[in-house]
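Peer 1: The structure file model_34.cif (mmCIF, C-alpha atoms) is provided below.
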```
data_my_file
#
loop_
_atom_site.group_PDB
_atom_site.id
_atom_site.type_symbol
_atom_site.label_atom_id
_atom_site.label_comp_id
_atom_site.auth_asym_id
_atom_site.auth_seq_id
_atom_site.Cartn_x
_atom_site.Cartn_y
_atom_site.Cartn_z
ATOM 1 C CA PHE G 1 7.135 -9.285 5.435
ATOM 2 C CA ASP G 2 9.983 -11.735 4.782
ATOM 3 C CA ARG G 3 8.605 -12.520 1.316
ATOM 4 C CA LEU G 4 8.529 -8.772 0.567
ATOM 5 C CA GLY G 5 12.198 -8.569 1.520
ATOM 6 C CA LEU G 6 11.585 -6.061 4.303
ATOM 7 C CA THR G 7 14.541 -5.658 6.642
ATOM 8 C CA GLU G 8 14.097 -6.509 10.323
ATOM 9 C CA ASP G 9 14.030 -2.809 11.279
ATOM 10 C CA ASP G 10 11.489 -1.776 8.593
ATOM 11 C CA SER G 11 8.624 0.100 10.257
ATOM 12 C CA ARG G 12 6.095 -1.737 8.073
ATOM 13 C CA ARG G 13 6.824 -4.884 10.146
ATOM 14 C CA GLU G 14 5.439 -3.241 13.287
ATOM 15 C CA ALA G 15 1.825 -4.207 12.770
ATOM 16 C CA LEU G 16 -0.762 -4.139 15.523
ATOM 17 C CA ARG G 17 -2.262 -7.511 16.443
ATOM 18 C CA LEU G 18 -6.054 -7.566 16.638
ATOM 19 C CA ALA G 19 -7.621 -8.874 19.837
ATOM 20 C CA ASN G 20 -10.508 -10.443 17.899
ATOM 21 C CA PRO G 21 -9.576 -10.810 14.189
ATOM 22 C CA LEU G 22 -12.149 -11.834 11.590
ATOM 23 C CA SER G 23 -9.712 -14.523 10.415
ATOM 24 C CA SER G 24 -6.886 -16.310 12.222
ATOM 25 C CA GLU G 25 -4.968 -16.083 8.930
ATOM 26 C CA ALA G 26 -5.011 -12.268 9.112
ATOM 27 C CA PRO G 27 -4.531 -11.255 12.754
ATOM 28 C CA LEU G 28 -2.557 -8.054 12.017
ATOM 29 C CA MET G 29 -3.608 -4.561 11.018
ATOM 30 C CA THR G 30 -2.396 -3.582 7.542
ATOM 31 C CA THR G 31 0.754 -1.456 7.327
ATOM 32 C CA THR G 32 1.127 -1.753 3.541
ATOM 33 C CA LEU G 33 -1.259 -2.623 0.722
ATOM 34 C CA LEU G 34 1.348 -4.630 -1.194
ATOM 35 C CA PRO G 35 0.821 -8.131 0.272
ATOM 36 C CA ALA G 36 -2.882 -8.281 -0.602
ATOM 37 C CA LEU G 37 -2.358 -6.775 -4.062
ATOM 38 C CA LEU G 38 0.498 -9.140 -4.883
ATOM 39 C CA GLU G 39 -1.425 -12.153 -3.526
ATOM 40 C CA THR G 40 -4.412 -11.260 -5.709
ATOM 41 C CA THR G 41 -2.125 -10.776 -8.721
ATOM 42 C CA ALA G 42 -0.511 -14.185 -8.115
ATOM 43 C CA ARG G 43 -3.947 -15.821 -7.750
ATOM 44 C CA ASN G 44 -5.085 -14.330 -11.076
ATOM 45 C CA ARG G 45 -1.884 -15.354 -12.849
ATOM 46 C CA GLY G 46 -2.200 -18.860 -11.370
ATOM 47 C CA ARG G 47 -5.608 -19.106 -13.002
ATOM 48 C CA GLY G 48 -4.234 -18.118 -16.406
ATOM 49 C CA HIS G 49 -5.047 -14.404 -16.288
ATOM 50 C CA ASP G 50 -1.607 -12.953 -16.928
ATOM 51 C CA ASP G 51 -2.705 -9.430 -17.871
ATOM 52 C CA VAL G 52 -3.667 -7.902 -14.544
ATOM 53 C CA ALA G 53 -4.187 -4.302 -13.480
ATOM 54 C CA LEU G 54 -5.260 -3.928 -9.849
ATOM 55 C CA PHE G 55 -5.579 -1.075 -7.420
ATOM 56 C CA GLU G 56 -6.665 -0.632 -3.852
ATOM 57 C CA ALA G 57 -7.397 2.553 -1.960
ATOM 58 C CA ALA G 58 -7.541 1.853 1.774
ATOM 59 C CA THR G 59 -6.252 3.011 5.095
ATOM 60 C CA VAL G 60 -3.187 1.452 6.644
ATOM 61 C CA THR G 61 -2.368 1.448 10.342
ATOM 62 C CA LEU G 62 0.961 2.948 11.364
ATOM 63 C CA PRO G 63 1.682 2.447 15.066
ATOM 64 C CA THR G 64 4.157 4.790 16.711
ATOM 65 C CA ALA G 65 6.934 3.585 18.972
ATOM 66 C CA GLY G 66 6.120 3.900 22.649
ATOM 67 C CA SER G 67 2.401 4.426 22.156
ATOM 68 C CA LYS G 68 0.192 3.374 25.044
ATOM 69 C CA PRO G 69 -2.440 0.663 24.590
ATOM 70 C CA ALA G 70 -6.033 1.813 24.444
ATOM 71 C CA PRO G 71 -7.869 1.572 27.748
ATOM 72 C CA ILE G 72 -10.642 -0.996 27.966
ATOM 73 C CA LEU G 73 -13.769 0.762 29.130
ATOM 74 C CA GLY G 74 -16.997 -0.543 30.547
ATOM 75 C CA VAL G 75 -20.218 -0.534 28.560
ATOM 76 C CA ASP G 76 -22.488 0.635 31.331
ATOM 77 C CA SER G 77 -21.885 4.361 30.756
ATOM 78 C CA PRO G 78 -20.424 6.685 28.141
ATOM 79 C CA PRO G 79 -16.716 7.461 28.472
ATOM 80 C CA THR G 80 -15.700 10.451 30.538
ATOM 81 C CA ASP G 81 -13.792 13.264 28.845
ATOM 82 C CA ASP G 82 -10.516 11.865 30.227
ATOM 83 C CA GLU G 83 -11.347 8.337 29.037
ATOM 84 C CA TRP G 84 -12.272 9.657 25.598
ATOM 85 C CA ALA G 85 -8.988 11.600 25.424
ATOM 86 C CA ALA G 86 -7.059 8.440 26.403
ATOM 87 C CA LEU G 87 -8.830 6.473 23.662
ATOM 88 C CA GLN G 88 -8.044 9.123 21.052
ATOM 89 C CA ALA G 89 -4.401 9.319 22.168
ATOM 90 C CA ALA G 90 -4.036 5.542 21.740
ATOM 91 C CA LEU G 91 -5.238 5.563 18.127
ATOM 92 C CA PRO G 92 -2.404 5.028 15.628
ATOM 93 C CA ALA G 93 -2.127 7.047 12.424
ATOM 94 C CA GLN G 94 -4.394 5.608 9.725
ATOM 95 C CA PRO G 95 -3.551 7.385 6.449
ATOM 96 C CA LEU G 96 -5.300 6.579 3.180
ATOM 97 C CA HIS G 97 -2.966 4.778 0.758
ATOM 98 C CA LEU G 98 -3.265 3.874 -2.908
ATOM 99 C CA GLY G 99 -1.649 0.717 -4.235
ATOM 100 C CA VAL G 100 -1.356 -0.232 -7.924
ATOM 101 C CA VAL G 101 -0.042 -3.452 -9.503
ATOM 102 C CA LEU G 102 0.340 -4.054 -13.230
ATOM 103 C CA SER G 103 1.315 -7.441 -14.640
ATOM 104 C CA GLY G 104 1.512 -8.945 -18.102
ATOM 105 C CA ASP G 105 0.604 -7.014 -21.224
ATOM 106 C CA ARG G 106 -0.465 -3.383 -20.995
ATOM 107 C CA GLU G 107 -1.601 -3.497 -24.624
ATOM 108 C CA THR G 108 -2.631 -6.787 -26.185
ATOM 109 C CA SER G 109 -1.560 -8.027 -29.595
ATOM 110 C CA GLY G 110 -4.094 -8.256 -32.368
ATOM 111 C CA TRP G 111 -4.832 -7.255 -35.924
ATOM 112 C CA TRP G 112 -3.961 -3.691 -34.887
ATOM 113 C CA GLY G 113 -0.364 -4.610 -34.088
ATOM 114 C CA LYS G 114 2.035 -6.013 -31.580
ATOM 115 C CA GLY G 115 1.215 -5.795 -27.890
ATOM 116 C CA ARG G 116 3.329 -4.186 -25.188
ATOM 117 C CA ALA G 117 4.201 -5.488 -21.735
ATOM 118 C CA ALA G 118 3.372 -3.349 -18.708
ATOM 119 C CA SER G 119 6.419 -1.528 -17.361
ATOM 120 C CA TRP G 120 7.507 0.781 -14.580
ATOM 121 C CA ALA G 121 6.643 3.735 -16.820
ATOM 122 C CA ASP G 122 2.994 2.631 -16.893
ATOM 123 C CA VAL G 123 2.880 2.573 -13.094
ATOM 124 C CA ILE G 124 4.429 6.050 -12.819
ATOM 125 C CA GLU G 125 2.024 7.403 -15.436
ATOM 126 C CA THR G 126 -0.928 5.842 -13.611
ATOM 127 C CA ILE G 127 0.078 7.608 -10.401
ATOM 128 C CA ARG G 128 0.609 10.889 -12.282
ATOM 129 C CA ARG G 129 -2.897 10.593 -13.751
ATOM 130 C CA VAL G 130 -4.324 10.123 -10.266
ATOM 131 C CA GLY G 131 -2.393 13.202 -9.184
ATOM 132 C CA ARG G 132 -3.733 15.285 -12.067
ATOM 133 C CA ALA G 133 -7.259 14.114 -11.237
ATOM 134 C CA VAL G 134 -6.904 15.582 -7.746
ATOM 135 C CA GLY G 135 -5.059 18.686 -8.939
ATOM 136 C CA VAL G 136 -1.431 17.971 -8.041
ATOM 137 C CA GLU G 137 1.711 17.291 -10.050
ATOM 138 C CA ILE G 138 3.681 14.215 -9.012
ATOM 139 C CA GLU G 139 7.438 14.073 -9.476
ATOM 140 C CA ALA G 140 9.322 10.772 -9.576
ATOM 141 C CA ARG G 141 12.909 10.561 -8.298
ATOM 142 C CA ARG G 142 15.324 7.642 -8.032
ATOM 143 C CA ALA G 143 15.144 5.876 -4.660
ATOM 144 C CA ALA G 144 15.919 2.633 -2.838
ATOM 145 C CA LEU G 145 13.265 0.878 -0.753
ATOM 146 C CA GLU G 146 12.330 -2.762 -0.257
ATOM 147 C CA PRO G 147 10.698 -4.678 -1.844
ATOM 148 C CA TRP G 148 11.804 -2.986 -5.054
ATOM 149 C CA HIS G 149 15.070 -3.913 -6.705
ATOM 150 C CA PRO G 150 17.856 -1.390 -6.037
ATOM 151 C CA GLY G 151 17.975 1.037 -8.941
ATOM 152 C CA ARG G 152 14.407 0.198 -9.958
ATOM 153 C CA CYS G 153 12.524 2.203 -7.375
ATOM 154 C CA ALA G 154 11.087 5.690 -7.610
ATOM 155 C CA ALA G 155 10.133 7.990 -4.771
ATOM 156 C CA LEU G 156 7.016 10.022 -5.577
ATOM 157 C CA TYR G 157 6.762 13.631 -4.442
ATOM 158 C CA VAL G 158 4.208 16.429 -4.422
ATOM 159 C CA ASN G 159 5.795 19.829 -3.719
ATOM 160 C CA ASP G 160 8.900 18.107 -2.258
ATOM 161 C CA ALA G 161 6.738 16.074 0.169
ATOM 162 C CA LEU G 162 7.279 12.298 -0.157
ATOM 163 C CA ILE G 163 3.920 10.623 -0.873
ATOM 164 C CA GLY G 164 4.953 7.119 -1.885
ATOM 165 C CA HIS G 165 7.115 4.748 -3.906
ATOM 166 C CA ALA G 166 6.838 2.826 -7.144
#
```
So that I can check it, write out the structure of this file as structure tokens.
Peer 2:
Amino acid sequence: FDRLGLTEDDSRREALRLANPLSSEAPLMTTTLLPALLETTARNRGRGHDDVALFEAATVTLPTAGSKPAPILGVDSPPTDDEWAALQAALPAQPLHLGVVLSGDRETSGWWGKGRAASWADVIETIRRVGRAVGVEIEARRAALEPWHPGRCAALYVNDALIGHA
């Protein structure tokens, strides 16, 4: 979160710690898709693959302040209605997110002409294409949000509802 430039009070820092993670290197639930996408981009670039276009569609876990921990139930009987309700109440929001990273050339050079580097406009157009595929129009407006540089961030809206940033 520090490397992303997230402020100390950014809600994306409030990740849930897993009791039994698959890897000790990743003990937290995901609150943003950016770290994994940027790590994969850096790995590809480090191996000489500068022209990278990656996406990930996955759920993120967004804990709410003051939420109660999930009860730990026995395995000898099914949960009662009250126990089931307590389990459901303890679940954090887990919305589906889409993350996209473009790096390097969007169009390569060749006999057909000069190439073109990927830019912010390519990212916005990619998101708009996804929107059209699902039947919505996406509007981009100027915004400020870490980790993007001030003045180089767009808030993405569908019918005046904020759906993401680029």
Peer 1: Have a look at G:Asn159, G:Ser119, G:Ser103, G:Ser11 and name the one nearest to G:His49; count only C-alpha atoms.
Peer 2: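 Once distances to G:His49 are computed over only C-alpha atoms, the minimum belongs to G:Ser103.
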Peer 1: Do you have, as a tab-separated table, the list of residues of stretch 45-99 of chain G lying at most 10 Å from stretch 120-143 of chain G, each with its nearest atom pair and that distance in Å to one decimal, counting all atoms listed in the file and ordered by chain then number?
Peer 2:
```
residue	atom	partner	partner_atom	distance
G:Ala53	CA	G:Val123	CA	9.9
G:Leu98	CA	G:Ile127	CA	9.0
G:Gly99	CA	G:Ile127	CA	9.4
```
Peer 1: Determine the nearest neighbour of G:Phe1 from the options G:Glu25, G:Glu146, G:Glu107, G:Asp160, counting all atoms listed in the file.
Peer 2: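 For G:Phe1, the nearest of the candidates is G:Glu146.
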Peer 1: Tell me, in Å to one decimal, how far atom CA of G:Leu34 is from atom CA of G:Leu162.
Peer 2: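 So the two atoms, atom CA of G:Leu34 and atom CA of G:Leu162, lie 18.0 Å apart.
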Peer 1: Choose the residue, out of G:Val52, G:Leu16, G:Val158, G:Val75, that has the smallest atom-to-atom separation from G:Gln94; count all atoms listed in the file.
Peer 2: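 Looking at the shortest contact to G:Gln94, the residue is G:Leu16.
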